[in-house]
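A short write-up of the structure that comes next.
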Amino acid sequence: NKDGGIMASAWNLYQAQSRLAETGRKNHVRIRFFHGKGGSISRGAGPTHWFIRSLPPGSVNGDIRVTEQGETIERKYANKGNAAYNLELLIASAACSSLTNEQSAMTAHPGEKVMDYLVEKSLECYKELTGDPEFLVFFSQATPIDAIEESKIGSRPARRSGKKSLSDLRAIPWVFSWSQTRFNLTGWYGVGFALENLKENKPEMFSRFVELVQNDPFIRYLLTNVDTSLNATDEGIMELYSSLVEDPGIRERMMHKIRTELERTRRLLNLILEKPISQRRTSHYFSTMLRANALDYLHHNQVRLLALWRQEKKEETLYSLLRSINAIANAMGNTG
């Protein structure tokens, strides 16, 4: 996801599993996939049963192996009732997919050509943003990545070798930084550009994609996750964090790109799904709104602490800043 965005990463994973499953079938080798599910949409979160249904035919053969990020273990398994419910979902979904796969032939995805086109365009848009020579300056100043790197959490350092580059940064702090600031661009950036290009340049393929949204598990799961990421994105909070960028030229140029793609993605998703999220997913929408008032204070406090810490580099300010990061993560329900 960090390298290519949500649409490209999801589709390439789907294709890789499909090809490996087919190779195993041809060579009479039983393939078991080991899935790493993170706490955020950008790193594989989402309802377990929807996730398993979205996997390619032939990739679940009697069992499935999953590792879940630490923060989700407490939420899903610390309480006995929650644990039983989530384990039932996992077992029932794996059993259902396995039985279905036994009775079904392995076929190519019905929207393969459509998805190939969408991935090409979404990747183009995503790379245009992250490859911008001034993007790293914007990212390092508009998000609390520097404070996250100081936190004593996680099993590995935030960067692989310590270089201040995007390629050296690990996926968790990358996603964590954008979720803290309510940009959440790892969960939607590039999708609107791809869908708009499909609609304008390939109208027949766009119509086919809209049909597939209604009943294809993979595409439905992908768009639902994008929809969830968009619902957690807040333009006002984005503007607040962008005020930390010292160069007004860099700030406005990058924000213009991000605002444009955010508006485009929301517009295209509402067109395809026919109703705004407030009508389609009422409980989810109002759950997010309910947390907004408390989060508003936490975000303003974090921006103040970030500016202060970057100026003074005092240890007590860093401790307060790390507490604010923890508070926002708990309120949002995920880190990276």
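Starting from 1 in every chain, residues are counted up; chains themselves are A, B, ... following the order of the structure tokens, and ligands are numbered from 1 as listed.
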
Give the helix (DSSP H, G or I) residues of segment 53-254 of chain A, as assigned by DSSP on the backbone, as a PyMOL selection string. chain A and resi 53+70-77+80-103+112-130+135-142+145-148+171-180+185-187+191-201+203-215+217-231+235-242+248-254

Kindly provide the residues of segment 90-169 of chain A that approach segment 45-68 of chain A to within 10 Å, each paired with its closest atom pair and their distance in Å to one decimal, based on only C-alpha atoms, listed by chain and increasing number, as a tab-separated table.
residue	atom	partner	partner_atom	distance
A:Leu90	CA	A:Thr48	CA	6.2
A:Ile91	CA	A:Asp63	CA	8.5
A:Ala92	CA	A:His49	CA	8.2
A:Ser93	CA	A:His49	CA	5.4
A:Ala94	CA	A:Asp63	CA	6.3
A:Ala95	CA	A:Gly62	CA	6.5
A:Cys96	CA	A:Arg53	CA	8.8
A:Ser97	CA	A:Val60	CA	6.3
A:Ser98	CA	A:Asn61	CA	4.9
A:Leu99	CA	A:Gly62	CA	7.8
A:Thr100	CA	A:Pro57	CA	8.5
A:Asn101	CA	A:Gly58	CA	5.4
A:Glu102	CA	A:Asn61	CA	7.9
A:Ser104	CA	A:Pro57	CA	7.8
A:Ala105	CA	A:Pro57	CA	7.9
A:Met106	CA	A:Pro57	CA	5.7
A:Thr107	CA	A:Pro57	CA	7.2
A:Ala108	CA	A:Pro57	CA	8.7
A:His109	CA	A:Pro56	CA	7.9

Now that the selection is made, can you save its residues with all heavy atoms as a tab-separated table (two decimals), in the first residue's frame?
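Output file result.tsv follows:
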chain	number	residue	atom	x	y	z
A	90	LEU	N	-14.52	-16.18	11.74
A	90	LEU	CA	-13.34	-16.67	11.03
A	90	LEU	C	-13.54	-18.12	10.59
A	90	LEU	O	-13.31	-18.48	9.42
A	90	LEU	CB	-12.12	-16.55	11.94
A	90	LEU	CG	-10.77	-16.99	11.36
A	90	LEU	CD1	-10.39	-16.14	10.16
A	90	LEU	CD2	-9.69	-16.90	12.43
A	91	ILE	N	-14.02	-18.96	11.51
A	91	ILE	CA	-14.19	-20.39	11.21
A	91	ILE	C	-15.30	-20.61	10.18
A	91	ILE	O	-15.13	-21.35	9.20
A	91	ILE	CB	-14.48	-21.17	12.51
A	91	ILE	CG1	-13.26	-21.13	13.44
A	91	ILE	CG2	-14.86	-22.62	12.20
A	91	ILE	CD1	-13.55	-21.56	14.86
A	92	ALA	N	-16.43	-19.95	10.40
A	92	ALA	CA	-17.57	-20.13	9.49
A	92	ALA	C	-17.23	-19.64	8.08
A	92	ALA	O	-17.58	-20.28	7.08
A	92	ALA	CB	-18.79	-19.39	10.02
A	93	SER	N	-16.54	-18.51	7.99
A	93	SER	CA	-16.18	-17.95	6.69
A	93	SER	C	-15.18	-18.84	5.95
A	93	SER	O	-15.30	-19.07	4.75
A	93	SER	CB	-15.60	-16.54	6.85
A	93	SER	OG	-16.53	-15.69	7.49
A	94	ALA	N	-14.20	-19.34	6.69
A	94	ALA	CA	-13.19	-20.23	6.08
A	94	ALA	C	-13.84	-21.53	5.61
A	94	ALA	O	-13.53	-22.03	4.53
A	94	ALA	CB	-12.07	-20.52	7.08
A	95	ALA	N	-14.77	-22.06	6.42
A	95	ALA	CA	-15.46	-23.29	6.04
A	95	ALA	C	-16.32	-23.07	4.80
A	95	ALA	O	-16.32	-23.89	3.87
A	95	ALA	CB	-16.33	-23.78	7.21
A	96	CYS	N	-17.05	-21.98	4.78
A	96	CYS	CA	-17.93	-21.67	3.64
A	96	CYS	C	-17.12	-21.50	2.35
A	96	CYS	O	-17.47	-22.05	1.30
A	96	CYS	CB	-18.72	-20.40	3.94
A	96	CYS	SG	-19.89	-19.94	2.63
A	97	SER	N	-16.02	-20.74	2.43
A	97	SER	CA	-15.18	-20.53	1.25
A	97	SER	C	-14.55	-21.83	0.77
A	97	SER	O	-14.45	-22.09	-0.43
A	97	SER	CB	-14.08	-19.50	1.55
A	97	SER	OG	-14.63	-18.21	1.70
A	98	SER	N	-14.13	-22.67	1.72
A	98	SER	CA	-13.51	-23.94	1.36
A	98	SER	C	-14.50	-24.84	0.63
A	98	SER	O	-14.17	-25.45	-0.40
A	98	SER	CB	-12.99	-24.66	2.62
A	98	SER	OG	-11.99	-23.90	3.25
A	99	LEU	N	-15.72	-24.93	1.14
A	99	LEU	CA	-16.74	-25.76	0.51
A	99	LEU	C	-17.12	-25.22	-0.88
A	99	LEU	O	-17.30	-25.99	-1.82
A	99	LEU	CB	-17.98	-25.83	1.40
A	99	LEU	CG	-17.81	-26.62	2.70
A	99	LEU	CD1	-18.99	-26.40	3.63
A	99	LEU	CD2	-17.64	-28.11	2.41
A	100	THR	N	-17.21	-23.91	-0.98
A	100	THR	CA	-17.53	-23.28	-2.27
A	100	THR	C	-16.42	-23.55	-3.28
A	100	THR	O	-16.70	-23.87	-4.44
A	100	THR	CB	-17.71	-21.76	-2.09
A	100	THR	OG1	-18.74	-21.51	-1.12
A	100	THR	CG2	-18.11	-21.10	-3.40
A	101	ASN	N	-15.18	-23.44	-2.83
A	101	ASN	CA	-14.05	-23.67	-3.73
A	101	ASN	C	-13.97	-25.11	-4.22
A	101	ASN	O	-13.55	-25.39	-5.35
A	101	ASN	CB	-12.73	-23.30	-3.03
A	101	ASN	CG	-12.55	-21.79	-2.89
A	101	ASN	OD1	-13.14	-21.02	-3.65
A	101	ASN	ND2	-11.75	-21.37	-1.93
A	102	GLU	N	-14.41	-26.06	-3.37
A	102	GLU	CA	-14.42	-27.47	-3.77
A	102	GLU	C	-15.38	-27.71	-4.94
A	102	GLU	O	-15.14	-28.57	-5.78
A	102	GLU	CB	-14.84	-28.35	-2.59
A	102	GLU	CG	-13.73	-28.65	-1.62
A	102	GLU	CD	-14.18	-29.62	-0.54
A	102	GLU	OE1	-15.31	-30.16	-0.66
A	102	GLU	OE2	-13.43	-29.85	0.42
A	104	SER	N	-16.43	-25.33	-7.14
A	104	SER	CA	-16.32	-24.34	-8.21
A	104	SER	C	-15.00	-24.46	-8.96
A	104	SER	O	-13.97	-24.81	-8.37
A	104	SER	CB	-16.43	-22.92	-7.64
A	104	SER	OG	-17.60	-22.79	-6.85
A	105	ALA	N	-15.05	-24.15	-10.24
A	105	ALA	CA	-13.82	-24.13	-11.04
A	105	ALA	C	-13.07	-22.83	-10.79
A	105	ALA	O	-13.68	-21.80	-10.49
A	105	ALA	CB	-14.17	-24.24	-12.52
A	106	MET	N	-11.74	-22.90	-10.89
A	106	MET	CA	-10.93	-21.69	-10.73
A	106	MET	C	-11.00	-20.89	-12.02
A	106	MET	O	-10.62	-21.37	-13.09
A	106	MET	CB	-9.48	-22.07	-10.40
A	106	MET	CG	-9.32	-22.68	-9.02
A	106	MET	SD	-7.60	-23.07	-8.63
A	106	MET	CE	-6.90	-21.43	-8.56
A	107	THR	N	-11.53	-19.69	-11.92
A	107	THR	CA	-11.69	-18.84	-13.10
A	107	THR	C	-11.07	-17.48	-12.85
A	107	THR	O	-10.87	-17.07	-11.71
A	107	THR	CB	-13.19	-18.65	-13.44
A	107	THR	OG1	-13.86	-18.11	-12.28
A	107	THR	CG2	-13.83	-19.97	-13.83
A	108	ALA	N	-10.78	-16.78	-13.93
A	108	ALA	CA	-10.24	-15.43	-13.81
A	108	ALA	C	-11.31	-14.50	-13.24
A	108	ALA	O	-12.52	-14.76	-13.37
A	108	ALA	CB	-9.80	-14.93	-15.18
A	109	HIS	N	-10.90	-13.43	-12.61
A	109	HIS	CA	-11.85	-12.47	-12.06
A	109	HIS	C	-12.66	-11.85	-13.20
A	109	HIS	O	-12.10	-11.46	-14.23
A	109	HIS	CB	-11.11	-11.38	-11.28
A	109	HIS	CG	-12.02	-10.49	-10.50
A	109	HIS	ND1	-12.70	-9.43	-11.07
A	109	HIS	CD2	-12.38	-10.51	-9.19
A	109	HIS	CE1	-13.43	-8.84	-10.15
A	109	HIS	NE2	-13.25	-9.47	-9.00

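When only C-alpha atoms are used to compute distances to Lys2 of chain A, the closest of the residues A:Ala142, A:Leu318, A:Leu20, A:Leu166 turns out to be A:Leu166.
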
So that I can see what lies close to segment 186-196 of chain A, please list as a list of chain:residue names the residues with an atom at most 6 Å from it, counting only C-alpha atoms and leaving out residues fewer than 4 positions away in the same chain.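 Close residues of segment 186-196 of chain A: A:Ile6, A:Ser42, A:Leu118, A:Lys121, A:Ser122, A:Cys125, A:Tyr126, A:Val226, A:Ser229, A:Arg264, A:Thr265.
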
Per residue of segment 118-214 of chain A within 7 Å of segment 230-247 of chain A, record the nearest atom pair and its distance in Å to one decimal, counting only C-alpha atoms, with rows in chain order and ascending residue number, as a Markdown table.
| residue | atom | partner | partner_atom | distance |
| --- | --- | --- | --- | --- |
| A:Phe138 | CA | A:Val245 | CA | 6.2 |
| A:Gln141 | CA | A:Val245 | CA | 5.2 |
| A:Ala142 | CA | A:Ser242 | CA | 4.8 |
| A:Thr143 | CA | A:Tyr241 | CA | 6.7 |
| A:Thr181 | CA | A:Met238 | CA | 6.1 |
| A:Arg182 | CA | A:Thr233 | CA | 4.9 |
| A:Phe183 | CA | A:Thr233 | CA | 5.5 |
| A:Asn184 | CA | A:Thr233 | CA | 5.9 |
| A:Trp188 | CA | A:Leu230 | CA | 6.8 |

Written selection (N, CA and C atoms) as a PDB file, in the first residue's frame:
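As written to disk, again.pdb reads:
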ATOM      1  N   PHE A 138       6.512  18.078   3.020  1.00  0.00           N
ATOM      2  CA  PHE A 138       5.119  18.228   3.466  1.00  0.00           C
ATOM      3  C   PHE A 138       4.763  17.141   4.475  1.00  0.00           C
ATOM      4  N   GLN A 141       6.396  17.510   7.975  1.00  0.00           N
ATOM      5  CA  GLN A 141       5.957  18.653   8.790  1.00  0.00           C
ATOM      6  C   GLN A 141       4.458  18.652   9.080  1.00  0.00           C
ATOM      7  N   ALA A 142       3.652  18.086   8.181  1.00  0.00           N
ATOM      8  CA  ALA A 142       2.199  18.113   8.353  1.00  0.00           C
ATOM      9  C   ALA A 142       1.675  16.946   9.176  1.00  0.00           C
ATOM     10  N   THR A 143       2.523  15.960   9.458  1.00  0.00           N
ATOM     11  CA  THR A 143       2.110  14.816  10.277  1.00  0.00           C
ATOM     12  C   THR A 143       3.063  14.669  11.468  1.00  0.00           C
ATOM     13  N   THR A 181      -3.666  12.453  11.520  1.00  0.00           N
ATOM     14  CA  THR A 181      -3.973  13.789  11.006  1.00  0.00           C
ATOM     15  C   THR A 181      -5.290  13.849  10.248  1.00  0.00           C
ATOM     16  N   ARG A 182      -5.972  12.724  10.157  1.00  0.00           N
ATOM     17  CA  ARG A 182      -7.274  12.583   9.490  1.00  0.00           C
ATOM     18  C   ARG A 182      -7.217  12.795   7.990  1.00  0.00           C
ATOM     19  N   PHE A 183      -6.004  12.738   7.400  1.00  0.00           N
ATOM     20  CA  PHE A 183      -5.887  12.720   5.945  1.00  0.00           C
ATOM     21  C   PHE A 183      -6.338  11.344   5.426  1.00  0.00           C
ATOM     22  N   ASN A 184      -5.860  10.296   6.078  1.00  0.00           N
ATOM     23  CA  ASN A 184      -6.185   8.912   5.705  1.00  0.00           C
ATOM     24  C   ASN A 184      -5.946   8.627   4.223  1.00  0.00           C
ATOM     25  N   TRP A 188      -7.498   5.965   0.344  1.00  0.00           N
ATOM     26  CA  TRP A 188      -8.360   6.406  -0.762  1.00  0.00           C
ATOM     27  C   TRP A 188      -7.623   7.117  -1.900  1.00  0.00           C
TER      28      TRP A 188
END
